[in-house]
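In what follows, a single structure is set out as structure tokens and then discussed.
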Amino acid sequence: MIILSEQRGTLHPETKSLRTQARALIEKDSDNSLAAHWCIILATYPIFVDVSRIIGKLSEFEKEFTLQQLKQKIFDEWGERATLFHSIDKIIATMKAIGALKAEKPGRYTIVKHEVRDDKVNALLASAGMTVEDKGNFTLQDLREMGYMFPFQYQIEREMLMMNDTFTITNIAGEMIVSLTASL
């Protein structure tokens with residue numbers, strides 16, 4: 001588990017917490033490995049977040065997308081940097097290798113969906129999404145529509161959030177608001 005091993009440098013407390021949760025899920029059941037690693041990669045690499053988010057958005061409209069579409073959208077956001085040409089190719093290769101994407105034809109991809117039934121995995125996905133977004137407060141709908149979690153069919157339910165001490169639930173103007181519980 002290379003991704004879950006400690007990296008040099010200082011990790012944000014939220015990332016350390018995600019690593020701890022991810023390790024526990026993998027130790028419990030190795031079938032949780034894809035979701036656990038996905039969350040850690042998202043929390044560690046901003047370009048992975050943007051590539052994943054764009055793939056998620058592209059997949060809302062069509063079953064398959066092209067590498068050219070993806071690269072154009074990334075270049076629109078990040079600029080046409082030489083390092084991005086190689087980074088995007090490596091990210092796509094990684095997504096194919098871990099089973100998140102399938103190449104239909106050269107340069108054309110479809111998403112491979114993975115159903116999540118374990119509430120602890122759903123909680124990790126929500127926690128990772130909240131860490132990546134770093135905006136503090138989320139509605140239930142925000143948590144259910146995280147585009148960068150595109151390979152997962154997951155369920156974020158009110159009861160699961162309320163039973164998990166990772167999350168703090170409040171009510172603002174009649175709407176349920178979720179935030180990450182502060183670490184002491």
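Please note that chains go A, B, ... in the order of the structure tokens, that every chain numbers its residues from 1, and that ligands are numbered from 1 in the order shown.
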
Excluding Trp78 of chain A and residues on its chain fewer than 5 positions from it, collect all residues at most 10 Å away from it, counting only C-alpha atoms, and give them as a CSV table (one decimal) with N, CA, C and O atoms, in the first residue's frame.
chain,number,residue,atom,x,y,z
A,47,ILE,N,-4.3,18.0,-8.8
A,47,ILE,CA,-4.6,17.8,-10.3
A,47,ILE,C,-5.5,16.5,-10.4
A,47,ILE,O,-6.3,16.5,-11.3
A,50,ASP,N,-9.1,17.7,-9.9
A,50,ASP,CA,-9.6,18.3,-11.1
A,50,ASP,C,-9.9,17.4,-12.3
A,50,ASP,O,-10.9,17.5,-12.9
A,72,GLN,N,-8.5,19.3,-22.9
A,72,GLN,CA,-8.9,20.6,-23.2
A,72,GLN,C,-9.5,21.3,-22.0
A,72,GLN,O,-9.2,22.5,-21.7
A,73,LYS,N,-10.3,20.6,-21.3
A,73,LYS,CA,-10.9,21.2,-20.1
A,73,LYS,C,-9.9,21.5,-19.0
A,73,LYS,O,-10.0,22.5,-18.3
A,84,LEU,N,1.5,19.0,-17.6
A,84,LEU,CA,0.2,18.5,-17.6
A,84,LEU,C,0.0,17.5,-18.7
A,84,LEU,O,-0.8,16.5,-18.5

Using only C-alpha atoms, which protein or nucleic acid residues come within 9 Å of segment 137-149 of chain A? Drop anything in the same chain fewer than 3 positions from it, and give the result as a PyMOL selection string. chain A and resi 38-39+42+48-57+125-126+129-130+134+152-158+175-180

Might you pull out every residue within 9 Å of segment 90-100 of chain A, with only C-alpha atoms counted and same-chain residues fewer than 5 positions away left off, and present them as a list of chain:residue names? A:Leu34, A:Ile47, A:Phe48, A:Val51, A:Leu67, A:Phe85, A:Thr110, A:Ile111, A:Val112, A:Lys113, A:His114, A:Phe150, A:Pro151, A:Phe152

List as a PDB file with N, CA and C atoms, in the first residue's frame the protein and nucleic acid residues near Ala123 of chain A, meaning an atom at most 9 Å away when only C-alpha atoms are counted, but skip any in the same chain fewer than 3 places from it.
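Contents of the output file selection-v3.pdb:
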ATOM      1  N   ASP A 118     -21.004  -0.329   2.346  1.00  0.00           N
ATOM      2  CA  ASP A 118     -20.524  -0.191   3.722  1.00  0.00           C
ATOM      3  C   ASP A 118     -20.609   1.285   4.135  1.00  0.00           C
ATOM      4  N   ASP A 119     -21.307   1.575   5.213  1.00  0.00           N
ATOM      5  CA  ASP A 119     -21.453   2.958   5.686  1.00  0.00           C
ATOM      6  C   ASP A 119     -20.117   3.596   6.060  1.00  0.00           C
ATOM      7  N   LYS A 120     -19.152   2.807   6.513  1.00  0.00           N
ATOM      8  CA  LYS A 120     -17.843   3.370   6.852  1.00  0.00           C
ATOM      9  C   LYS A 120     -17.112   3.823   5.595  1.00  0.00           C
ATOM     10  N   ALA A 126     -17.348  10.701   1.917  1.00  0.00           N
ATOM     11  CA  ALA A 126     -17.872  12.025   2.293  1.00  0.00           C
ATOM     12  C   ALA A 126     -16.789  12.863   2.963  1.00  0.00           C
ATOM     13  N   SER A 127     -16.062  12.258   3.876  1.00  0.00           N
ATOM     14  CA  SER A 127     -15.003  12.958   4.592  1.00  0.00           C
ATOM     15  C   SER A 127     -13.908  13.437   3.632  1.00  0.00           C
ATOM     16  N   ALA A 128     -13.533  12.594   2.691  1.00  0.00           N
ATOM     17  CA  ALA A 128     -12.511  12.979   1.702  1.00  0.00           C
ATOM     18  C   ALA A 128     -13.012  14.127   0.833  1.00  0.00           C
ATOM     19  N   ILE A 156     -25.078   8.630   0.683  1.00  0.00           N
ATOM     20  CA  ILE A 156     -24.845   9.467   1.857  1.00  0.00           C
ATOM     21  C   ILE A 156     -26.218   9.752   2.453  1.00  0.00           C
ATOM     22  N   MET A 160     -26.571   7.886   8.604  1.00  0.00           N
ATOM     23  CA  MET A 160     -25.169   7.498   8.611  1.00  0.00           C
ATOM     24  C   MET A 160     -24.310   8.654   9.127  1.00  0.00           C
ATOM     25  N   LEU A 161     -24.603   9.856   8.679  1.00  0.00           N
ATOM     26  CA  LEU A 161     -23.849  11.024   9.115  1.00  0.00           C
ATOM     27  C   LEU A 161     -24.034  11.282  10.610  1.00  0.00           C
ATOM     28  N   ASN A 164     -22.016   8.901  12.930  1.00  0.00           N
ATOM     29  CA  ASN A 164     -20.567   8.907  12.764  1.00  0.00           C
ATOM     30  C   ASN A 164     -20.005  10.181  13.388  1.00  0.00           C
ATOM     31  N   THR A 166     -17.300  11.615  12.990  1.00  0.00           N
ATOM     32  CA  THR A 166     -16.457  12.394  12.079  1.00  0.00           C
ATOM     33  C   THR A 166     -17.182  13.662  11.641  1.00  0.00           C
ATOM     34  N   PHE A 167     -18.513  13.625  11.692  1.00  0.00           N
ATOM     35  CA  PHE A 167     -19.323  14.719  11.168  1.00  0.00           C
ATOM     36  C   PHE A 167     -20.086  15.442  12.271  1.00  0.00           C
TER      37      PHE A 167
END

Strand (DSSP E) per DSSP on the backbone: members of chain A, as an MDAnalysis selection string: chainID A and resid 64:66 101:105 108:111 114:115 138:139 152:153 167:172 175:180

Point-to-point distance from atom CA of Lys71 of chain A to atom CA of Leu101 of chain A, Å rounded to tenths: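 For atom CA of Lys71 of chain A relative to atom CA of Leu101 of chain A, the distance reads 15.8 Å.
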
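Among the candidate residues A:Glu27, A:Thr170, A:Ser87, A:Tyr109, the one lying nearest to Gln69 of chain A is A:Tyr109, with distances computed using only C-alpha atoms.
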
When DSSP works through the backbone of this structure, what residues of segment 37-182 of chain A end up as helix (DSSP H, G or I), shown as number ranges by chain? A: 37-44, 46-61, 67-78, 82-97, 119-133, 140-144, 147-149, 158-163

Just want the 12 Å neighbourhood of Ala24 of chain A, counted on only C-alpha atoms, with same-chain residues fewer than 6 positions away dropped. Output as a short mmCIF file (atom, residue, chain, number, x, y, z; two decimals) with N, CA, C and O atoms, in the first residue's frame.
data_model
loop_
_atom_site.label_atom_id
_atom_site.label_comp_id
_atom_site.auth_asym_id
_atom_site.auth_seq_id
_atom_site.Cartn_x
_atom_site.Cartn_y
_atom_site.Cartn_z
N LEU A 4 -0.79 4.70 1.06
CA LEU A 4 -1.14 4.90 2.45
C LEU A 4 0.06 5.00 3.37
O LEU A 4 -0.08 5.31 4.53
N SER A 17 -6.00 12.09 9.30
CA SER A 17 -7.23 11.43 9.73
C SER A 17 -7.78 10.53 8.64
O SER A 17 -8.21 9.40 8.91
N LEU A 18 -7.76 11.01 7.39
CA LEU A 18 -8.22 10.18 6.26
C LEU A 18 -7.36 8.93 6.12
O LEU A 18 -7.88 7.84 5.88
N SER A 30 -10.18 -6.00 2.48
CA SER A 30 -9.35 -5.50 1.37
C SER A 30 -10.19 -5.05 0.17
O SER A 30 -9.69 -4.34 -0.70
N ASN A 32 -12.21 -2.83 0.29
CA ASN A 32 -12.35 -1.39 0.47
C ASN A 32 -11.14 -0.62 -0.07
O ASN A 32 -11.08 0.59 0.01
N SER A 33 -10.18 -1.33 -0.62
CA SER A 33 -8.92 -0.75 -1.06
C SER A 33 -9.09 0.36 -2.10
O SER A 33 -8.47 1.42 -1.99
N ALA A 36 -10.53 3.52 -0.49
CA ALA A 36 -9.56 4.08 0.46
C ALA A 36 -8.43 4.79 -0.27
O ALA A 36 -8.09 5.93 0.05
N LYS A 120 -19.15 2.81 6.51
CA LYS A 120 -17.84 3.37 6.85
C LYS A 120 -17.11 3.82 5.60
O LYS A 120 -16.39 4.82 5.61
N VAL A 121 -17.30 3.11 4.50
CA VAL A 121 -16.70 3.53 3.23
C VAL A 121 -17.42 4.78 2.72
O VAL A 121 -16.79 5.73 2.26
N LEU A 124 -16.07 7.61 4.62
CA LEU A 124 -14.74 8.00 4.14
C LEU A 124 -14.84 8.83 2.87
O LEU A 124 -14.16 9.84 2.72
#

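Of note, atom CA of His86 of chain A and atom CA of Val132 of chain A are spaced 23.0 Å apart.
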
Out of A:His37, A:Ile172, A:Lys105, A:Met162, which residue has the shortest atom-to-atom distance to Gln21 of chain A when counting only C-alpha atoms?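 Among the listed residues, the smallest separation from Gln21 of chain A belongs to A:His37.
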